[in-house]
Every structure is written in C-alpha cells, then in structure tokens.
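*Asks:* My file is start-v8.cif. It has mmCIF, N, CA and C atoms:
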```
data_run
loop_
_atom_site.group_PDB
_atom_site.id
_atom_site.type_symbol
_atom_site.label_atom_id
_atom_site.label_comp_id
_atom_site.auth_asym_id
_atom_site.auth_seq_id
_atom_site.Cartn_x
_atom_site.Cartn_y
_atom_site.Cartn_z
ATOM 1 N N MET G 296 -8.514 14.465 0.349
ATOM 2 C CA MET G 296 -7.649 13.566 1.094
ATOM 3 C C MET G 296 -6.324 13.474 0.335
ATOM 4 N N SER G 297 -5.207 13.582 1.045
ATOM 5 C CA SER G 297 -3.898 13.476 0.411
ATOM 6 C C SER G 297 -3.648 12.031 -0.019
ATOM 7 N N ILE G 298 -2.686 11.851 -0.898
ATOM 8 C CA ILE G 298 -2.349 10.486 -1.340
ATOM 9 C C ILE G 298 -1.873 9.657 -0.152
ATOM 10 N N ARG G 299 -1.089 10.259 0.721
ATOM 11 C CA ARG G 299 -0.615 9.549 1.921
ATOM 12 C C ARG G 299 -1.815 9.068 2.749
ATOM 13 N N ASP G 300 -2.768 9.956 2.986
ATOM 14 C CA ASP G 300 -3.958 9.590 3.761
ATOM 15 C C ASP G 300 -4.750 8.485 3.063
ATOM 16 N N GLU G 301 -4.865 8.582 1.748
ATOM 17 C CA GLU G 301 -5.584 7.570 0.969
ATOM 18 C C GLU G 301 -4.910 6.201 1.099
ATOM 19 N N ILE G 302 -3.587 6.193 1.049
ATOM 20 C CA ILE G 302 -2.842 4.932 1.182
ATOM 21 C C ILE G 302 -3.026 4.347 2.572
ATOM 22 N N MET G 303 -2.898 5.165 3.596
ATOM 23 C CA MET G 303 -3.066 4.687 4.977
ATOM 24 C C MET G 303 -4.481 4.139 5.181
ATOM 25 N N PHE G 304 -5.476 4.868 4.697
ATOM 26 C CA PHE G 304 -6.860 4.436 4.815
ATOM 27 C C PHE G 304 -7.062 3.092 4.106
ATOM 28 N N THR G 305 -6.474 2.960 2.926
ATOM 29 C CA THR G 305 -6.637 1.734 2.144
ATOM 30 C C THR G 305 -5.980 0.548 2.838
ATOM 31 N N PHE G 306 -4.789 0.721 3.380
ATOM 32 C CA PHE G 306 -4.148 -0.362 4.133
ATOM 33 C C PHE G 306 -5.053 -0.814 5.288
ATOM 34 N N LYS G 307 -5.592 0.145 6.023
ATOM 35 C CA LYS G 307 -6.442 -0.183 7.172
ATOM 36 C C LYS G 307 -7.733 -0.864 6.737
ATOM 37 N N ARG G 308 -8.339 -0.368 5.665
ATOM 38 C CA ARG G 308 -9.590 -0.953 5.177
ATOM 39 C C ARG G 308 -9.384 -2.384 4.699
ATOM 40 N N VAL G 309 -8.332 -2.610 3.923
ATOM 41 C CA VAL G 309 -8.062 -3.956 3.413
ATOM 42 C C VAL G 309 -7.756 -4.911 4.563
ATOM 43 N N ALA G 310 -6.977 -4.467 5.529
ATOM 44 C CA ALA G 310 -6.664 -5.324 6.682
ATOM 45 C C ALA G 310 -7.945 -5.718 7.409
ATOM 46 N N LYS G 311 -8.826 -4.759 7.609
ATOM 47 C CA LYS G 311 -10.091 -5.046 8.289
ATOM 48 C C LYS G 311 -10.928 -6.032 7.486
ATOM 49 N N GLU G 312 -11.046 -5.796 6.187
ATOM 50 C CA GLU G 312 -11.828 -6.675 5.328
ATOM 51 C C GLU G 312 -11.270 -8.099 5.291
ATOM 52 N N GLN G 313 -9.953 -8.224 5.410
ATOM 53 C CA GLN G 313 -9.304 -9.530 5.344
ATOM 54 C C GLN G 313 -9.111 -10.168 6.718
ATOM 55 N N GLY G 314 -9.560 -9.463 7.763
ATOM 56 C CA GLY G 314 -9.420 -9.996 9.115
ATOM 57 C C GLY G 314 -7.978 -10.067 9.581
ATOM 58 N N ARG G 315 -7.158 -9.133 9.126
ATOM 59 C CA ARG G 315 -5.733 -9.093 9.474
ATOM 60 C C ARG G 315 -5.478 -7.978 10.480
ATOM 61 N N ARG G 316 -4.493 -8.172 11.296
ATOM 62 C CA ARG G 316 -4.078 -7.144 12.251
ATOM 63 C C ARG G 316 -2.855 -6.431 11.695
ATOM 64 N N LEU G 317 -2.986 -5.127 11.496
ATOM 65 C CA LEU G 317 -1.878 -4.327 10.984
ATOM 66 C C LEU G 317 -0.950 -3.907 12.103
ATOM 67 N N ALA G 318 0.328 -3.855 11.791
ATOM 68 C CA ALA G 318 1.294 -3.222 12.675
ATOM 69 C C ALA G 318 1.043 -1.715 12.598
ATOM 70 N N PRO G 319 1.488 -0.959 13.588
ATOM 71 C CA PRO G 319 1.344 0.500 13.494
ATOM 72 C C PRO G 319 1.993 1.016 12.202
ATOM 73 N N LEU G 320 1.259 1.811 11.455
ATOM 74 C CA LEU G 320 1.726 2.292 10.156
ATOM 75 C C LEU G 320 2.645 3.498 10.328
ATOM 76 N N THR G 321 3.934 3.215 10.283
ATOM 77 C CA THR G 321 4.955 4.259 10.369
ATOM 78 C C THR G 321 5.756 4.249 9.077
ATOM 79 N N ASP G 322 6.452 5.330 8.802
ATOM 80 C CA ASP G 322 7.248 5.426 7.575
ATOM 81 C C ASP G 322 8.293 4.323 7.481
ATOM 82 N N GLU G 323 8.862 3.922 8.597
ATOM 83 C CA GLU G 323 9.943 2.934 8.592
ATOM 84 C C GLU G 323 9.454 1.492 8.618
ATOM 85 N N LEU G 324 8.150 1.272 8.697
ATOM 86 C CA LEU G 324 7.603 -0.081 8.745
ATOM 87 C C LEU G 324 7.945 -0.838 7.474
ATOM 88 N N LYS G 325 8.563 -2.011 7.638
ATOM 89 C CA LYS G 325 8.840 -2.862 6.488
ATOM 90 C C LYS G 325 7.518 -3.474 6.035
ATOM 91 N N LEU G 326 7.248 -3.392 4.749
ATOM 92 C CA LEU G 326 5.974 -3.888 4.226
ATOM 93 C C LEU G 326 5.779 -5.368 4.514
ATOM 94 N N THR G 327 6.870 -6.128 4.564
ATOM 95 C CA THR G 327 6.764 -7.555 4.854
ATOM 96 C C THR G 327 6.357 -7.821 6.292
ATOM 97 N N GLU G 328 6.383 -6.792 7.123
ATOM 98 C CA GLU G 328 6.035 -6.935 8.536
ATOM 99 C C GLU G 328 4.773 -6.171 8.909
ATOM 100 N N CYS G 329 4.027 -5.685 7.914
ATOM 101 C CA CYS G 329 2.866 -4.846 8.210
ATOM 102 C C CYS G 329 1.640 -5.641 8.630
ATOM 103 N N GLY G 330 1.573 -6.917 8.267
ATOM 104 C CA GLY G 330 0.427 -7.736 8.642
ATOM 105 C C GLY G 330 -0.425 -8.191 7.476
ATOM 106 N N LEU G 331 -0.189 -7.631 6.292
ATOM 107 C CA LEU G 331 -0.924 -8.062 5.112
ATOM 108 C C LEU G 331 -0.188 -9.204 4.420
ATOM 109 N N ASP G 332 -0.946 -10.086 3.788
ATOM 110 C CA ASP G 332 -0.337 -11.126 2.970
ATOM 111 C C ASP G 332 -0.337 -10.663 1.515
ATOM 112 N N SER G 333 0.071 -11.537 0.606
ATOM 113 C CA SER G 333 0.172 -11.129 -0.801
ATOM 114 C C SER G 333 -1.181 -10.724 -1.385
ATOM 115 N N LEU G 334 -2.245 -11.414 -1.000
ATOM 116 C CA LEU G 334 -3.575 -11.035 -1.464
ATOM 117 C C LEU G 334 -3.931 -9.633 -0.964
ATOM 118 N N GLY G 335 -3.587 -9.343 0.273
ATOM 119 C CA GLY G 335 -3.853 -8.013 0.823
ATOM 120 C C GLY G 335 -3.159 -6.925 0.026
ATOM 121 N N PHE G 336 -1.900 -7.168 -0.362
ATOM 122 C CA PHE G 336 -1.182 -6.176 -1.161
ATOM 123 C C PHE G 336 -1.812 -5.997 -2.535
ATOM 124 N N VAL G 337 -2.261 -7.090 -3.133
ATOM 125 C CA VAL G 337 -2.940 -6.988 -4.424
ATOM 126 C C VAL G 337 -4.190 -6.122 -4.281
ATOM 127 N N LEU G 338 -4.941 -6.333 -3.221
ATOM 128 C CA LEU G 338 -6.154 -5.551 -2.989
ATOM 129 C C LEU G 338 -5.838 -4.080 -2.753
ATOM 130 N N VAL G 339 -4.766 -3.809 -2.013
ATOM 131 C CA VAL G 339 -4.355 -2.418 -1.774
ATOM 132 C C VAL G 339 -3.998 -1.748 -3.100
ATOM 133 N N VAL G 340 -3.162 -2.407 -3.900
ATOM 134 C CA VAL G 340 -2.728 -1.814 -5.167
ATOM 135 C C VAL G 340 -3.915 -1.621 -6.110
ATOM 136 N N ALA G 341 -4.795 -2.613 -6.202
ATOM 137 C CA ALA G 341 -5.960 -2.496 -7.086
ATOM 138 C C ALA G 341 -6.878 -1.359 -6.644
ATOM 139 N N SER G 342 -7.081 -1.235 -5.342
ATOM 140 C CA SER G 342 -7.932 -0.172 -4.819
ATOM 141 C C SER G 342 -7.315 1.195 -5.078
ATOM 142 N N LEU G 343 -6.019 1.308 -4.844
ATOM 143 C CA LEU G 343 -5.348 2.591 -5.065
ATOM 144 C C LEU G 343 -5.284 2.941 -6.548
ATOM 145 N N GLU G 344 -5.164 1.928 -7.389
ATOM 146 C CA GLU G 344 -5.171 2.187 -8.830
ATOM 147 C C GLU G 344 -6.446 2.928 -9.222
ATOM 148 N N GLN G 345 -7.560 2.530 -8.636
ATOM 149 C CA GLN G 345 -8.838 3.177 -8.945
ATOM 150 C C GLN G 345 -8.950 4.553 -8.296
ATOM 151 N N SER G 346 -8.546 4.649 -7.022
ATOM 152 C CA SER G 346 -8.787 5.903 -6.298
ATOM 153 C C SER G 346 -7.809 7.022 -6.641
ATOM 154 N N VAL G 347 -6.554 6.682 -6.956
ATOM 155 C CA VAL G 347 -5.580 7.733 -7.287
ATOM 156 C C VAL G 347 -5.183 7.706 -8.755
ATOM 157 N N ASN G 348 -5.824 6.796 -9.511
ATOM 158 C CA ASN G 348 -5.619 6.716 -10.957
ATOM 159 C C ASN G 348 -4.154 6.512 -11.332
ATOM 160 N N PHE G 349 -3.499 5.542 -10.691
ATOM 161 C CA PHE G 349 -2.101 5.221 -10.991
ATOM 162 C C PHE G 349 -1.925 3.718 -10.918
ATOM 163 N N ASP G 350 -1.433 3.144 -11.984
ATOM 164 C CA ASP G 350 -1.146 1.715 -12.034
ATOM 165 C C ASP G 350 0.363 1.556 -12.113
ATOM 166 N N PRO G 351 1.002 1.060 -11.046
ATOM 167 C CA PRO G 351 2.461 0.950 -11.054
ATOM 168 C C PRO G 351 2.978 -0.007 -12.121
ATOM 169 N N PHE G 352 2.123 -0.898 -12.603
ATOM 170 C CA PHE G 352 2.547 -1.867 -13.606
ATOM 171 C C PHE G 352 2.514 -1.290 -15.018
ATOM 172 N N GLU G 353 1.941 -0.102 -15.167
ATOM 173 C CA GLU G 353 1.900 0.557 -16.466
ATOM 174 C C GLU G 353 2.768 1.811 -16.502
ATOM 175 N N ALA G 354 3.568 2.010 -15.473
ATOM 176 C CA ALA G 354 4.429 3.196 -15.413
ATOM 177 C C ALA G 354 5.487 3.120 -16.515
ATOM 178 N N GLU G 355 5.794 4.275 -17.087
ATOM 179 C CA GLU G 355 6.792 4.325 -18.157
ATOM 180 C C GLU G 355 8.196 4.056 -17.633
ATOM 181 N N GLU G 356 8.474 4.497 -16.430
ATOM 182 C CA GLU G 356 9.794 4.261 -15.849
ATOM 183 C C GLU G 356 9.740 3.037 -14.946
ATOM 184 N N GLU G 357 10.873 2.410 -14.777
ATOM 185 C CA GLU G 357 10.940 1.221 -13.933
ATOM 186 C C GLU G 357 10.770 1.621 -12.469
ATOM 187 N N ILE G 358 9.949 0.875 -11.764
ATOM 188 C CA ILE G 358 9.685 1.160 -10.361
ATOM 189 C C ILE G 358 10.217 0.004 -9.533
ATOM 190 N N ASP G 359 11.075 0.305 -8.570
ATOM 191 C CA ASP G 359 11.587 -0.722 -7.671
ATOM 192 C C ASP G 359 10.508 -1.097 -6.672
ATOM 193 N N PHE G 360 10.486 -2.364 -6.281
ATOM 194 C CA PHE G 360 9.520 -2.800 -5.279
ATOM 195 C C PHE G 360 9.806 -2.079 -3.976
ATOM 196 N N PRO G 361 8.802 -1.439 -3.383
ATOM 197 C CA PRO G 361 9.018 -0.697 -2.142
ATOM 198 C C PRO G 361 9.292 -1.644 -0.973
ATOM 199 N N LEU G 362 10.205 -1.241 -0.099
ATOM 200 C CA LEU G 362 10.531 -2.050 1.073
ATOM 201 C C LEU G 362 9.830 -1.568 2.329
ATOM 202 N N THR G 363 9.644 -0.248 2.430
ATOM 203 C CA THR G 363 9.003 0.332 3.612
ATOM 204 C C THR G 363 7.737 1.069 3.196
ATOM 205 N N LEU G 364 6.951 1.428 4.179
ATOM 206 C CA LEU G 364 5.739 2.200 3.890
ATOM 207 C C LEU G 364 6.102 3.538 3.245
ATOM 208 N N ARG G 365 7.184 4.147 3.684
ATOM 209 C CA ARG G 365 7.643 5.413 3.073
ATOM 210 C C ARG G 365 7.928 5.198 1.578
ATOM 211 N N ASP G 366 8.603 4.098 1.245
ATOM 212 C CA ASP G 366 8.889 3.791 -0.160
ATOM 213 C C ASP G 366 7.590 3.617 -0.943
ATOM 214 N N PHE G 367 6.627 2.931 -0.358
ATOM 215 C CA PHE G 367 5.346 2.683 -1.025
ATOM 216 C C PHE G 367 4.636 3.994 -1.303
ATOM 217 N N ILE G 368 4.631 4.888 -0.333
ATOM 218 C CA ILE G 368 3.957 6.176 -0.493
ATOM 219 C C ILE G 368 4.652 7.011 -1.561
ATOM 220 N N ALA G 369 5.977 6.960 -1.572
ATOM 221 C CA ALA G 369 6.740 7.736 -2.582
ATOM 222 C C ALA G 369 6.431 7.239 -3.973
#
```
For the structure just supplied, provide its representation as structure tokens.

*Replies:*
Amino acid sequence: MSIRDEIMFTFKRVAKEQGRRLAPLTDELKLTECGLDSLGFVLVVASLEQSVNFDPFEAEEEIDFPLTLRDFIA
C-alpha cells in the first residue's frame, strides 16, 4: 500500500471509529474542514507513526503544519 493510500485509509478508519463524517478526501481539502476534531488528528498521526514509521515531532528539519490533505501527504 502506498503512503498516500495508507493515509487515506487511516483518515477513514479514525473517522469511523470516532463516529465522524468525513468530507470527500481530495488534495485541496482543508484539514480544518475534513470532519475530524483534534483528537481525531492525534489518532491519525499516532496510527501513521506506527504504520509508516515516521514521527513528525522527531523530524530533524522543521515541518510546517499542513493546511490541506495534499500538504499532509507530502
């Protein structure tokens, strides 16, 4: 599964688990309008940290907070 597919799957899984309705996941979707709350984002990041072995909080370079789904995937 590609990283993009893993991210999309994780957003959908977390939304379902949290009883949230996601907006259609497009590259231009603003993350603040996707349907997840702050807890949902924490769950997405924690899940992805395990599945793709990347922790954005331990990155050597500074990472800007993503605004869109495309930014998040990048």

*Asks:* Show me, as an mmCIF file with N, CA and C atoms, in the coordinates of the input, the residues that have an atom within 5 Å of region 328-336 of chain G when counting all atoms listed in the file, minus same-chain residues fewer than 6 positions from it.

*Replies:*
```
data_model
loop_
_atom_site.group_PDB
_atom_site.id
_atom_site.type_symbol
_atom_site.label_atom_id
_atom_site.label_comp_id
_atom_site.auth_asym_id
_atom_site.auth_seq_id
_atom_site.Cartn_x
_atom_site.Cartn_y
_atom_site.Cartn_z
ATOM 1 N N ARG G 316 -4.493 -8.172 11.296
ATOM 2 C CA ARG G 316 -4.078 -7.144 12.251
ATOM 3 C C ARG G 316 -2.855 -6.431 11.695
ATOM 4 N N LEU G 317 -2.986 -5.127 11.496
ATOM 5 C CA LEU G 317 -1.878 -4.327 10.984
ATOM 6 C C LEU G 317 -0.950 -3.907 12.103
ATOM 7 N N ALA G 318 0.328 -3.855 11.791
ATOM 8 C CA ALA G 318 1.294 -3.222 12.675
ATOM 9 C C ALA G 318 1.043 -1.715 12.598
#
```

*Asks:* One number please: CA of Val347 (chain G) to CA of Val309 (chain G), in Å, one decimal.

*Replies:*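 Computing the Euclidean distance for CA of Val347 (chain G) and CA of Val309 (chain G) yields 16.0 Å.
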
*Asks:* I would like the residues chosen by the PyMOL selection byres ((chain G and resi 356-369) around 8) on the shown file; could you give them as JSON, numbers by chain?

*Replies:* {"G": [298, 299, 302, 320, 321, 322, 323, 324, 325, 326, 327, 328, 351, 353, 354, 355]}

*Asks:* CA of Val339 (chain G) and atom C of Thr305 (chain G), how far apart in Å?

*Replies:*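 Answer for the atom C of Thr305 (chain G) to CA of Val339 (chain G) separation: 5.7 Å.
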